[in-house]
Amino acid sequence: MDLKTTKASPVLADPSSSSISKSRLVLHSSLMPYSQSGTSFSSAILTIPRKKPAKLDDVRSNGWLEAMKSSSPPRKKILKDPFVGVSSDDGECAYRSWQLKFPSALSSFEKIIEYARNKKIVIFLDYDGTLSPIVDDPDRAFMSADMRYAVKSLAKHFPTAIISGRRRDMVSELVGLTELYYAGSHGLDIKFPVRDTATASIDHINPVKFADQQDKEVNLFQPAREFLPMIDEVFRTLVKITSDITGAIVENHKFCASVHYRNVDEKSWETVAQRVHDVLKDYPRLRLTHGRKVLEVRPVIDWNKGKAVEFLLESMTDLGNSEDVLPIYIGDDMTDEDAFRVCGSFVVLRQGNRGYGVLVSSTPKESNAFFSLKDPEEVKKFLKSLVRWKERSML
């Protein structure tokens, strides 16, 4: 079957808004996260836009070129600080002011654990920029041995999941820990840890079962499997049409395709964006989203990192929206904002209820998060602090 079906304007996510009008598209029963006789999962209904977007012939007029530029770090200026009489980076001053709104999770640790007492903490972690530094070559985004040990120790005490835009098998290989939940392609490809496949904690789940390369049965949840041939076809096309653009990197993340322009001369960003947009005109069932110096092509379904968090909370705890659960999501990218929103509205965090989003950023930016950490090094310190607190509480 030809998955392109019709030629139409591409369905794109507005860079300034994540809202879209929706109509129902029912999942095939084999992809439903729960058995038909068990508890239903409201987010299992996928959606597509009802209205076609405006024609996107020019990436300047539709705002995407400006969105690409906004992901670049701001230029730093050295100014004279009149209060201390010495030169200082005004970026640091701005960052400290920003932390009044998004306080450091390290300096606020006592407040966090005070609220966490007698609750079941569930940890969600992004990978790039959170567990590993952002690097020019995505294939060399390695986490340190010390960070791996911190995550491994964390998983001994708390249900822990990695939710990444990367392919699930790729991020699993980079992390190298079997005791975690892995959600690749922004949550479109979820694998449960081996230790949980025979436990009561996921008995109400009805994931699709596959054999891995070692012929071991694994439990997966993949709500967009029908899009695999389409994504693969688009990936090959993107590789071809960007081959003459120096620095452009195209990756196949299985359920999404990414075009990185971090190493592309800024003068060529418009060319990158325009070519990607032109390709998507033939794929009305795919949409374009924007991350940190990356354009990502995804299926047009109502699924993102936030939906993955909701699904995993149900799967990992059996407690759903119970007051006994405290989700903590740590991430650094725009694609993490949906997850921050879910944690923050797990019952409206800022009104004293549950869920913490922690933004990893060394520069001020607006976010749905509640706390902040500056870089992966601070993330590691925070994770180690959680482990020490838990171990002390067990004495």
# chains A, B, ... in the order shown; residues from 1 in each chain; ligands from 1
$ select_by_dssp --residues "segment 99-237 of chain A" --states "helix (DSSP H, G or I)" --output "PyMOL selection string"
chain A and resi 109-116+138-140+145-157+168-175+185-187+194-196+200-202+225-237
$ closest_atom_pairs --of "segment 113-172 of chain A" --to "segment 257-268 of chain A" --cutoff "10 Å" --atoms "only C-alpha atoms" --output "Markdown table"
| residue | atom | partner | partner_atom | distance |
| --- | --- | --- | --- | --- |
| A:Val135 | CA | A:Arg262 | CA | 9.2 |
| A:Asp136 | CA | A:Asn263 | CA | 6.6 |
| A:Asp137 | CA | A:Asn263 | CA | 8.7 |
| A:Pro138 | CA | A:His260 | CA | 9.0 |
| A:Gly165 | CA | A:Ser258 | CA | 8.9 |
| A:Arg166 | CA | A:Ser258 | CA | 8.9 |
| A:Arg167 | CA | A:Ala257 | CA | 9.6 |
$ write_last_selection --atoms "N, CA and C atoms" --output "PDB file, in the first residue's frame"
ATOM      1  N   VAL A 135      26.839  17.810  21.923  1.00  0.00           N
ATOM      2  CA  VAL A 135      28.064  17.801  21.132  1.00  0.00           C
ATOM      3  C   VAL A 135      27.712  17.963  19.651  1.00  0.00           C
ATOM      4  N   ASP A 136      28.722  18.310  18.855  1.00  0.00           N
ATOM      5  CA  ASP A 136      28.492  18.536  17.432  1.00  0.00           C
ATOM      6  C   ASP A 136      28.094  17.255  16.706  1.00  0.00           C
ATOM      7  N   ASP A 137      28.678  16.129  17.112  1.00  0.00           N
ATOM      8  CA  ASP A 137      28.381  14.849  16.490  1.00  0.00           C
ATOM      9  C   ASP A 137      27.461  14.048  17.401  1.00  0.00           C
ATOM     10  N   PRO A 138      26.182  13.844  17.034  1.00  0.00           N
ATOM     11  CA  PRO A 138      25.247  13.112  17.901  1.00  0.00           C
ATOM     12  C   PRO A 138      25.728  11.716  18.271  1.00  0.00           C
ATOM     13  N   GLY A 165      14.417  11.639  22.072  1.00  0.00           N
ATOM     14  CA  GLY A 165      14.042  11.730  20.673  1.00  0.00           C
ATOM     15  C   GLY A 165      14.809  10.733  19.822  1.00  0.00           C
ATOM     16  N   ARG A 166      15.861  10.158  20.371  1.00  0.00           N
ATOM     17  CA  ARG A 166      16.662   9.177  19.640  1.00  0.00           C
ATOM     18  C   ARG A 166      15.900   7.864  19.467  1.00  0.00           C
ATOM     19  N   ARG A 167      16.441   6.998  18.589  1.00  0.00           N
ATOM     20  CA  ARG A 167      15.929   5.642  18.480  1.00  0.00           C
ATOM     21  C   ARG A 167      16.051   4.965  19.833  1.00  0.00           C
TER      22      ARG A 167
END
$ select_by_dssp --residues "segment 112-344 of chain A" --states "strand (DSSP E or B)" --output "ChimeraX atom specification"
/A:120-125,128,132,160-163,181-184,189-191,205,208-211,217-221,249-252,257-260,286-291,294-299,325-331
$ closest_residue --among "A:Trp64, A:Phe124, A:Tyr149, A:Tyr95" --to "Lys381 of chain A" --atoms "only C-alpha atoms"
A:Tyr149
$ decode --residues "segment 365-380 of chain A" --atoms "all heavy atoms" --output "PDB file, in the first residue's frame"
ATOM      1  N   LYS A 365      15.311  30.891  29.798  1.00  0.00           N
ATOM      2  CA  LYS A 365      14.297  30.616  28.776  1.00  0.00           C
ATOM      3  C   LYS A 365      12.977  30.330  29.465  1.00  0.00           C
ATOM      4  O   LYS A 365      12.940  29.884  30.610  1.00  0.00           O
ATOM      5  CB  LYS A 365      14.705  29.450  27.895  1.00  0.00           C
ATOM      6  CG  LYS A 365      14.875  28.130  28.625  1.00  0.00           C
ATOM      7  CD  LYS A 365      15.216  26.985  27.681  1.00  0.00           C
ATOM      8  CE  LYS A 365      16.589  27.100  27.114  1.00  0.00           C
ATOM      9  NZ  LYS A 365      16.982  25.906  26.306  1.00  0.00           N
ATOM     10  N   GLU A 366      11.893  30.591  28.767  1.00  0.00           N
ATOM     11  CA  GLU A 366      10.579  30.287  29.318  1.00  0.00           C
ATOM     12  C   GLU A 366      10.351  28.784  29.269  1.00  0.00           C
ATOM     13  O   GLU A 366      10.827  28.101  28.373  1.00  0.00           O
ATOM     14  CB  GLU A 366       9.492  31.021  28.544  1.00  0.00           C
ATOM     15  CG  GLU A 366       9.391  32.499  28.894  1.00  0.00           C
ATOM     16  CD  GLU A 366       9.204  32.727  30.382  1.00  0.00           C
ATOM     17  OE1 GLU A 366       8.272  32.124  30.956  1.00  0.00           O
ATOM     18  OE2 GLU A 366       9.982  33.483  30.977  1.00  0.00           O
ATOM     19  N   SER A 367       9.599  28.284  30.238  1.00  0.00           N
ATOM     20  CA  SER A 367       9.421  26.839  30.323  1.00  0.00           C
ATOM     21  C   SER A 367       8.198  26.502  31.157  1.00  0.00           C
ATOM     22  O   SER A 367       7.711  27.317  31.945  1.00  0.00           O
ATOM     23  CB  SER A 367      10.670  26.194  30.952  1.00  0.00           C
ATOM     24  OG  SER A 367      10.491  24.807  31.151  1.00  0.00           O
ATOM     25  N   ASN A 368       7.695  25.265  30.971  1.00  0.00           N
ATOM     26  CA  ASN A 368       6.646  24.727  31.831  1.00  0.00           C
ATOM     27  C   ASN A 368       7.224  24.036  33.057  1.00  0.00           C
ATOM     28  O   ASN A 368       6.474  23.500  33.878  1.00  0.00           O
ATOM     29  CB  ASN A 368       5.798  23.716  31.052  1.00  0.00           C
ATOM     30  CG  ASN A 368       5.023  24.349  29.913  1.00  0.00           C
ATOM     31  OD1 ASN A 368       4.297  25.313  30.116  1.00  0.00           O
ATOM     32  ND2 ASN A 368       5.187  23.824  28.717  1.00  0.00           N
ATOM     33  N   ALA A 369       8.545  24.052  33.172  1.00  0.00           N
ATOM     34  CA  ALA A 369       9.208  23.419  34.321  1.00  0.00           C
ATOM     35  C   ALA A 369       9.001  24.259  35.564  1.00  0.00           C
ATOM     36  O   ALA A 369       8.546  25.412  35.507  1.00  0.00           O
ATOM     37  CB  ALA A 369      10.687  23.224  34.032  1.00  0.00           C
ATOM     38  N   PHE A 370       9.358  23.683  36.706  1.00  0.00           N
ATOM     39  CA  PHE A 370       9.221  24.391  37.970  1.00  0.00           C
ATOM     40  C   PHE A 370      10.586  24.733  38.564  1.00  0.00           C
ATOM     41  O   PHE A 370      10.780  25.799  39.125  1.00  0.00           O
ATOM     42  CB  PHE A 370       8.438  23.540  38.963  1.00  0.00           C
ATOM     43  CG  PHE A 370       8.001  24.285  40.197  1.00  0.00           C
ATOM     44  CD1 PHE A 370       7.007  25.244  40.122  1.00  0.00           C
ATOM     45  CD2 PHE A 370       8.582  24.026  41.424  1.00  0.00           C
ATOM     46  CE1 PHE A 370       6.608  25.935  41.262  1.00  0.00           C
ATOM     47  CE2 PHE A 370       8.190  24.708  42.566  1.00  0.00           C
ATOM     48  CZ  PHE A 370       7.201  25.666  42.489  1.00  0.00           C
ATOM     49  N   PHE A 371      11.542  23.795  38.433  1.00  0.00           N
ATOM     50  CA  PHE A 371      12.910  24.004  38.919  1.00  0.00           C
ATOM     51  C   PHE A 371      13.884  23.991  37.751  1.00  0.00           C
ATOM     52  O   PHE A 371      13.499  23.742  36.606  1.00  0.00           O
ATOM     53  CB  PHE A 371      13.293  22.914  39.932  1.00  0.00           C
ATOM     54  CG  PHE A 371      12.522  22.986  41.216  1.00  0.00           C
ATOM     55  CD1 PHE A 371      11.558  22.035  41.515  1.00  0.00           C
ATOM     56  CD2 PHE A 371      12.749  23.998  42.134  1.00  0.00           C
ATOM     57  CE1 PHE A 371      10.844  22.085  42.701  1.00  0.00           C
ATOM     58  CE2 PHE A 371      12.043  24.066  43.323  1.00  0.00           C
ATOM     59  CZ  PHE A 371      11.082  23.111  43.615  1.00  0.00           C
ATOM     60  N   SER A 372      15.157  24.243  38.033  1.00  0.00           N
ATOM     61  CA  SER A 372      16.175  24.247  36.991  1.00  0.00           C
ATOM     62  C   SER A 372      17.471  23.613  37.488  1.00  0.00           C
ATOM     63  O   SER A 372      17.718  23.523  38.690  1.00  0.00           O
ATOM     64  CB  SER A 372      16.467  25.684  36.522  1.00  0.00           C
ATOM     65  OG  SER A 372      17.082  26.437  37.564  1.00  0.00           O
ATOM     66  N   LEU A 373      18.265  23.159  36.550  1.00  0.00           N
ATOM     67  CA  LEU A 373      19.641  22.726  36.777  1.00  0.00           C
ATOM     68  C   LEU A 373      20.460  23.270  35.619  1.00  0.00           C
ATOM     69  O   LEU A 373      19.950  23.393  34.499  1.00  0.00           O
ATOM     70  CB  LEU A 373      19.740  21.198  36.838  1.00  0.00           C
ATOM     71  CG  LEU A 373      19.086  20.538  38.061  1.00  0.00           C
ATOM     72  CD1 LEU A 373      18.989  19.029  37.871  1.00  0.00           C
ATOM     73  CD2 LEU A 373      19.867  20.860  39.338  1.00  0.00           C
ATOM     74  N   LYS A 374      21.705  23.596  35.873  1.00  0.00           N
ATOM     75  CA  LYS A 374      22.484  24.320  34.868  1.00  0.00           C
ATOM     76  C   LYS A 374      22.998  23.437  33.739  1.00  0.00           C
ATOM     77  O   LYS A 374      23.027  23.849  32.581  1.00  0.00           O
ATOM     78  CB  LYS A 374      23.644  25.043  35.534  1.00  0.00           C
ATOM     79  CG  LYS A 374      24.284  26.120  34.671  1.00  0.00           C
ATOM     80  CD  LYS A 374      25.202  26.997  35.492  1.00  0.00           C
ATOM     81  CE  LYS A 374      25.663  28.201  34.681  1.00  0.00           C
ATOM     82  NZ  LYS A 374      26.511  29.114  35.493  1.00  0.00           N
ATOM     83  N   ASP A 375      23.416  22.201  34.050  1.00  0.00           N
ATOM     84  CA  ASP A 375      24.059  21.347  33.059  1.00  0.00           C
ATOM     85  C   ASP A 375      24.033  19.904  33.547  1.00  0.00           C
ATOM     86  O   ASP A 375      23.579  19.618  34.666  1.00  0.00           O
ATOM     87  CB  ASP A 375      25.503  21.813  32.819  1.00  0.00           C
ATOM     88  CG  ASP A 375      26.285  21.999  34.126  1.00  0.00           C
ATOM     89  OD1 ASP A 375      26.045  21.236  35.091  1.00  0.00           O
ATOM     90  OD2 ASP A 375      27.139  22.896  34.181  1.00  0.00           O
ATOM     91  N   PRO A 376      24.514  18.946  32.723  1.00  0.00           N
ATOM     92  CA  PRO A 376      24.520  17.546  33.152  1.00  0.00           C
ATOM     93  C   PRO A 376      25.276  17.289  34.454  1.00  0.00           C
ATOM     94  O   PRO A 376      24.925  16.372  35.204  1.00  0.00           O
ATOM     95  CB  PRO A 376      25.190  16.832  31.970  1.00  0.00           C
ATOM     96  CG  PRO A 376      24.819  17.663  30.780  1.00  0.00           C
ATOM     97  CD  PRO A 376      24.869  19.075  31.286  1.00  0.00           C
ATOM     98  N   GLU A 377      26.278  18.082  34.729  1.00  0.00           N
ATOM     99  CA  GLU A 377      27.010  17.920  35.984  1.00  0.00           C
ATOM    100  C   GLU A 377      26.100  18.174  37.182  1.00  0.00           C
ATOM    101  O   GLU A 377      26.139  17.433  38.184  1.00  0.00           O
ATOM    102  CB  GLU A 377      28.205  18.868  36.018  1.00  0.00           C
ATOM    103  CG  GLU A 377      29.128  18.685  37.222  1.00  0.00           C
ATOM    104  CD  GLU A 377      29.821  17.330  37.257  1.00  0.00           C
ATOM    105  OE1 GLU A 377      30.012  16.730  36.178  1.00  0.00           O
ATOM    106  OE2 GLU A 377      30.152  16.867  38.370  1.00  0.00           O
ATOM    107  N   GLU A 378      25.265  19.201  37.097  1.00  0.00           N
ATOM    108  CA  GLU A 378      24.313  19.461  38.177  1.00  0.00           C
ATOM    109  C   GLU A 378      23.220  18.394  38.213  1.00  0.00           C
ATOM    110  O   GLU A 378      22.716  18.054  39.290  1.00  0.00           O
ATOM    111  CB  GLU A 378      23.700  20.859  38.019  1.00  0.00           C
ATOM    112  CG  GLU A 378      24.660  21.982  38.363  1.00  0.00           C
ATOM    113  CD  GLU A 378      23.938  23.299  38.647  1.00  0.00           C
ATOM    114  OE1 GLU A 378      22.710  23.363  38.410  1.00  0.00           O
ATOM    115  OE2 GLU A 378      24.602  24.242  39.113  1.00  0.00           O
ATOM    116  N   VAL A 379      22.849  17.856  37.042  1.00  0.00           N
ATOM    117  CA  VAL A 379      21.890  16.752  37.013  1.00  0.00           C
ATOM    118  C   VAL A 379      22.437  15.580  37.800  1.00  0.00           C
ATOM    119  O   VAL A 379      21.736  14.968  38.619  1.00  0.00           O
ATOM    120  CB  VAL A 379      21.587  16.324  35.558  1.00  0.00           C
ATOM    121  CG1 VAL A 379      20.748  15.041  35.549  1.00  0.00           C
ATOM    122  CG2 VAL A 379      20.856  17.426  34.813  1.00  0.00           C
ATOM    123  N   LYS A 380      23.697  15.253  37.574  1.00  0.00           N
ATOM    124  CA  LYS A 380      24.342  14.134  38.285  1.00  0.00           C
ATOM    125  C   LYS A 380      24.329  14.370  39.795  1.00  0.00           C
ATOM    126  O   LYS A 380      24.015  13.453  40.572  1.00  0.00           O
ATOM    127  CB  LYS A 380      25.766  13.958  37.779  1.00  0.00           C
ATOM    128  CG  LYS A 380      26.515  12.786  38.418  1.00  0.00           C
ATOM    129  CD  LYS A 380      27.899  12.637  37.813  1.00  0.00           C
ATOM    130  CE  LYS A 380      28.773  13.824  38.147  1.00  0.00           C
ATOM    131  NZ  LYS A 380      30.158  13.671  37.617  1.00  0.00           N
TER     132      LYS A 380
END
